[in-house]
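Data file: upload-v4.txt. Format and content: compact mmCIF, C-alpha atoms.
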```
# COMPACT_ATOMS: atom_id res chain seq x y z
CA LEU A 806 88.78 29.73 46.92
CA ILE A 807 85.89 32.17 47.32
CA VAL A 808 84.20 30.94 44.13
CA ALA A 809 84.72 27.29 45.10
CA SER A 810 83.40 27.90 48.63
CA ALA A 811 80.30 29.75 47.41
CA THR A 812 79.69 27.06 44.79
CA THR A 813 80.01 24.33 47.39
CA ALA A 814 77.62 25.99 49.84
CA ILE A 815 74.93 26.56 47.20
CA SER A 816 75.45 23.12 45.63
CA VAL A 817 75.10 21.35 48.99
CA VAL A 818 71.81 23.11 49.73
CA LEU A 819 70.37 22.55 46.24
CA GLY A 820 71.67 19.00 45.89
CA THR A 821 70.46 17.86 49.32
CA ALA A 822 67.05 19.51 48.91
CA GLY A 823 66.67 18.15 45.37
CA ALA A 824 67.60 14.61 46.36
CA TRP A 825 65.28 14.72 49.36
CA LEU A 826 62.36 16.07 47.34
CA LEU A 827 62.83 13.56 44.50
CA GLN A 828 63.06 10.72 47.04
CA ARG A 829 60.15 11.91 49.14
CA TYR A 830 57.67 12.89 46.45
CA ARG A 831 57.17 10.76 43.35
CA TYR A 832 55.09 12.08 40.48
CA ARG A 833 54.77 11.47 36.76
CA ALA A 834 57.50 13.85 35.58
CA SER A 835 60.03 13.06 38.34
CA GLY A 836 62.08 10.79 36.04
CA LEU A 837 62.27 13.51 33.39
CA LEU A 838 63.23 16.12 35.99
CA GLU A 839 65.94 13.86 37.39
CA THR A 840 67.33 13.30 33.88
CA LEU A 841 67.40 17.05 33.23
CA VAL A 842 69.17 17.71 36.53
CA PHE A 843 71.92 15.20 35.71
CA MET A 844 72.48 16.52 32.16
CA PRO A 845 75.34 18.90 33.15
CA MET A 846 77.29 15.85 34.36
CA ILE A 847 77.35 14.30 30.89
CA VAL A 848 77.33 17.34 28.60
CA PRO A 849 80.85 18.28 27.40
CA GLU A 850 82.23 21.28 29.27
CA VAL A 851 82.76 23.31 26.09
CA ILE A 852 79.09 22.96 25.15
CA LEU A 853 78.03 23.78 28.70
CA GLY A 854 80.30 26.84 28.80
CA VAL A 855 79.11 28.18 25.45
CA SER A 856 75.45 27.60 26.27
CA LEU A 857 75.80 29.34 29.64
CA LEU A 858 77.59 32.25 27.95
CA ILE A 859 74.75 32.57 25.42
CA PHE A 860 72.21 32.39 28.26
CA PHE A 861 73.94 35.08 30.35
CA VAL A 862 74.28 37.41 27.37
CA SER A 863 70.65 36.88 26.30
CA VAL A 864 69.28 37.70 29.77
CA GLY A 865 71.60 40.71 30.09
CA LEU A 866 73.63 39.40 33.04
CA GLU A 867 77.09 40.97 33.11
CA LEU A 868 79.91 38.42 33.14
CA GLY A 869 81.86 38.27 36.38
CA TYR A 870 82.13 36.30 39.58
CA LEU A 871 78.35 35.90 39.85
CA THR A 872 78.13 34.20 36.45
CA ILE A 873 81.10 31.99 37.35
CA VAL A 874 79.39 30.85 40.57
CA ILE A 875 76.08 30.25 38.76
CA SER A 876 77.82 28.20 36.08
CA HIS A 877 79.83 26.20 38.63
CA VAL A 878 76.69 25.45 40.64
CA THR A 879 75.01 24.28 37.45
CA PHE A 880 77.46 21.43 37.00
CA CYS A 881 78.43 20.81 40.66
CA PHE A 882 75.10 20.35 42.42
CA PRO A 883 74.18 17.18 40.45
CA PHE A 884 77.22 15.50 42.02
CA VAL A 885 75.96 16.39 45.50
CA MET A 886 72.48 15.25 44.54
CA ALA A 887 73.73 11.88 43.24
CA SER A 888 75.69 11.30 46.43
CA VAL A 889 72.75 12.16 48.67
CA GLN A 890 70.32 10.09 46.56
CA ALA A 891 72.56 7.05 46.93
CA ARG A 892 72.52 7.47 50.71
CA LEU A 893 68.76 8.11 50.77
CA SER A 894 68.09 4.84 48.98
CA GLY A 895 69.17 3.00 52.14
CA LEU A 896 67.15 5.18 54.53
CA ASP A 897 64.66 3.37 56.70
CA PRO A 898 61.41 5.43 56.57
CA SER A 899 60.58 4.34 60.11
CA LEU A 900 63.35 6.61 61.46
CA GLU A 901 61.48 9.75 60.45
CA GLU A 902 58.15 8.26 61.52
CA ALA A 903 59.58 7.46 64.96
CA ALA A 904 60.82 11.03 65.36
CA LEU A 905 57.40 12.38 64.39
CA ASP A 906 55.69 9.96 66.79
CA LEU A 907 57.94 11.18 69.60
CA GLY A 908 56.78 14.78 69.08
CA ALA A 909 59.25 16.22 66.61
CA THR A 910 57.99 18.59 63.95
CA PRO A 911 58.74 17.63 60.33
CA LEU A 912 61.54 20.21 60.27
CA GLN A 913 63.03 18.90 63.52
CA ALA A 914 62.82 15.33 62.23
CA PHE A 915 64.62 16.36 59.07
CA LEU A 916 67.35 18.33 60.87
CA LYS A 917 67.93 15.94 63.79
CA VAL A 918 67.35 12.55 62.16
CA ILE A 919 67.66 12.73 58.38
CA VAL A 920 70.53 15.24 58.05
CA PRO A 921 72.85 13.35 60.46
CA TYR A 922 72.09 10.16 58.53
CA LEU A 923 72.89 11.94 55.25
CA MET A 924 76.00 13.73 56.56
CA PRO A 925 78.59 11.34 55.03
CA ALA A 926 76.96 11.77 51.61
CA ILE A 927 76.64 15.53 52.07
CA VAL A 928 80.31 15.84 53.03
CA SER A 929 81.48 13.68 50.12
CA GLY A 930 79.30 15.67 47.70
CA ALA A 931 80.62 18.93 49.15
CA LEU A 932 84.22 17.80 48.73
CA MET A 933 83.51 16.73 45.15
CA SER A 934 81.80 20.06 44.45
CA PHE A 935 84.65 22.07 45.96
CA THR A 936 87.27 20.12 44.01
CA LEU A 937 85.40 20.42 40.71
CA SER A 938 84.82 24.14 41.17
CA LEU A 939 88.40 24.86 42.23
CA ASP A 940 89.71 22.96 39.21
CA GLU A 941 87.26 24.15 36.53
CA LEU A 942 88.86 25.96 33.61
CA ILE A 943 86.73 25.50 30.50
CA VAL A 944 83.35 26.66 31.81
CA THR A 945 85.04 29.45 33.75
CA TYR A 946 86.85 30.61 30.61
CA PHE A 947 83.52 31.17 28.86
CA THR A 948 81.63 32.75 31.78
CA ALA A 949 84.31 35.08 33.19
CA SER A 950 84.90 38.67 32.22
CA ALA A 951 88.31 40.12 31.41
CA SER A 952 88.62 41.52 34.94
CA THR A 953 87.70 38.34 36.82
CA ARG A 954 90.52 35.95 37.54
CA THR A 955 90.24 32.56 39.16
CA LEU A 956 93.19 30.30 39.92
CA PRO A 957 92.69 28.04 36.86
CA LEU A 958 92.44 31.08 34.59
CA GLU A 959 95.56 32.58 36.15
CA ILE A 960 97.52 29.34 35.75
CA PHE A 961 96.29 28.96 32.16
CA GLY A 962 97.40 32.52 31.38
CA ARG A 963 100.85 31.96 32.87
CA VAL A 964 101.35 28.65 31.05
CA LYS A 965 100.64 30.34 27.71
CA LYS A 966 103.42 32.88 28.41
CA GLY A 967 106.02 30.21 29.17
CA LEU A 968 107.40 28.34 32.13
CA ASP A 969 107.10 30.25 35.35
CA PRO A 970 108.54 29.15 38.73
CA SER A 971 105.37 30.34 40.47
CA LEU A 972 103.51 27.47 38.76
CA ASN A 973 105.85 25.02 40.50
CA ALA A 974 105.15 26.73 43.81
CA ILE A 975 101.37 26.59 43.27
CA SER A 976 101.57 22.90 42.35
CA THR A 977 103.70 22.15 45.42
CA ILE A 978 101.23 23.93 47.70
CA PHE A 979 98.28 22.00 46.25
CA ILE A 980 100.05 18.66 46.53
CA GLY A 981 101.09 19.46 50.10
CA VAL A 982 97.56 20.49 51.12
CA THR A 983 96.16 17.33 49.51
CA VAL A 984 98.63 15.06 51.31
CA LEU A 985 98.04 16.82 54.64
CA SER A 986 94.26 16.52 54.19
CA VAL A 987 94.48 12.79 53.52
CA VAL A 988 96.78 12.26 56.51
CA ALA A 989 94.51 14.34 58.78
CA THR A 990 91.43 12.45 57.61
CA GLU A 991 93.08 9.09 58.26
CA TRP A 992 94.27 10.26 61.68
CA LEU A 993 90.73 11.41 62.59
CA ARG A 994 89.26 8.14 61.31
CA ARG A 995 91.61 6.06 63.45
CA ARG A 996 91.12 8.33 66.47
CA ASN A 997 87.29 8.10 66.33
CA PRO A 998 86.44 4.62 65.01
```
As structure tokens - that is how I would like this structure written.
Amino acid sequence: LIVASATTAISVVLGTAGAWLLQRYRYRASGLLETLVFMPMIVPEVILGVSLLIFFVSVGLELGYLTIVISHVTFCFPFVMASVQARLSGLDPSLEEAALDLGATPLQAFLKVIVPYLMPAIVSGALMSFTLSLDELIVTYFTASASTRTLPLEIFGRVKKGLDPSLNAISTIFIGVTVLSVVATEWLRRRNP
């Protein structure tokens, strides 16, 4: 949960800022940069995990939770960025101009006009990022040390040993939390139309 939460927080900041900057400023290499950013979404996880492992070893970064978070951010923030870019494509530029005309600074216009407009996309990207990070096994397997254990690695280790009743308990908890989250979301949606 800590790794997934840290990954989500960093991915939301990077994905939102990246989408905003690519939407706001167009230059000759922006298409190439956008393609490079979305590469982790289409590269197989084994290749991504091995390449990140080679990178961490070559720069002398010790494997652990930091490398896991860096690797999770690498493939999670493009999902946030894609979600925010889709929302930005429908943004009316006059909203920001009106805020600036009414005396807001560019930062205030961004925080009080643009971010509330982007909030549904930011939340959906954050949920996608959290889910992907919480569920990631392959990339984590390559970028974790022997002493770092995440939930997918722990489950994978227990499955290799044989059937364990604790796996049933973990699965039940995750299904229950998922069902409760969906019910709570629907209840909030109906309560505040």
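Picture a line from atom CA of Asp940 of chain A to atom CA of Glu959 of chain A; it runs 11.7 Å.
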| request: For Met846 of chain A, work out the shell of residues within 12 Å, counting all atoms listed in the file and skipping chain neighbours fewer than 3 positions away, then give it as an MDAnalysis selection string. | output: chainID A and resid 839:843 849:850 852:853 877:887 934 937
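Atom to atom, atom CA of Ala814 of chain A and atom CA of Ser899 of chain A stand 29.4 Å apart.
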Residue contacts of Val808 of chain A (9 Å, only C-alpha atoms) excluding same-chain residues fewer than 5 positions away, as a PDB file with C-alpha atoms, in the frame of the given file:
```
ATOM      1  CA  THR A 813      80.010  24.330  47.390  1.00  0.00           C
ATOM      2  CA  TYR A 870      82.130  36.300  39.580  1.00  0.00           C
ATOM      3  CA  LEU A 871      78.350  35.900  39.850  1.00  0.00           C
ATOM      4  CA  ILE A 873      81.100  31.990  37.350  1.00  0.00           C
ATOM      5  CA  VAL A 874      79.390  30.850  40.570  1.00  0.00           C
ATOM      6  CA  HIS A 877      79.830  26.200  38.630  1.00  0.00           C
ATOM      7  CA  SER A 938      84.820  24.140  41.170  1.00  0.00           C
ATOM      8  CA  LEU A 939      88.400  24.860  42.230  1.00  0.00           C
ATOM      9  CA  THR A 955      90.240  32.560  39.160  1.00  0.00           C
TER      10      THR A 955
END
```
| Which residues come within 10 Å of Phe961 of chain A, counting all atoms listed in the file, excluding same-chain residues fewer than 6 positions away, as a ChimeraX atom specification? | /A:942,946,955,972
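Interatomic distance, atom CA of Val964 of chain A against atom CA of Val944 of chain A: 18.1 Å.
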| task | Go through A:Ser863, A:Thr948, A:Ser894, A:Ser888 and flag the residue nearest Ile927 of chain A, using only C-alpha atoms for the distances. | result | A:Ser888
| task | Can you pull out every residue within 12 Å of Pro925 of chain A, counting only C-alpha atoms, but drop anything in the same chain fewer than 2 positions away, and send it as a VMD selection string? | result | chain A and resid 821 885 888 to 893 919 to 923 927 to 932
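Minimum distance to Ile815 of chain A across A:Ser876, A:Asn997, A:Ser952, A:Glu941 (counting only C-alpha atoms) occurs at A:Ser876.
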| Neighbour residues at most 8 Å from (81.0, 36.4, 32.6) (all atoms listed in the file) as a ChimeraX atom specification | /A:858,861,866-873,947-950
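Using all atoms listed in the file for every distance, the candidate list A:Thr812, A:Thr910, A:Thr945, A:Thr990 yields A:Thr812 as the residue closest to Met933 of chain A.
Shortest separation to Ile807 of chain A among A:Leu838, A:Leu956, A:Leu968, A:Leu907 occurs at residue A:Leu956, atoms counted being all atoms listed in the file.
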| Lys917 of chain A environment, 12 Å, only C-alpha atoms, sequence neighbours closer than 4 positions dropped, as a list of chain:residue names | A:Leu900, A:Glu901, A:Ala903, A:Ala904, A:Leu905, A:Ala909, A:Thr910, A:Pro911, A:Leu912, A:Gln913, A:Pro921, A:Tyr922, A:Leu923, A:Met924
All file atoms of segment 966-979 of chain A boxed axis-aligned, 8 Å per side, centre plus edges, as lines of an AutoDock Vina configuration file:
```
center_x = 103.4
center_y = 27.4
center_z = 38.1
size_x = 26.3
size_y = 26.9
size_z = 35.3
```
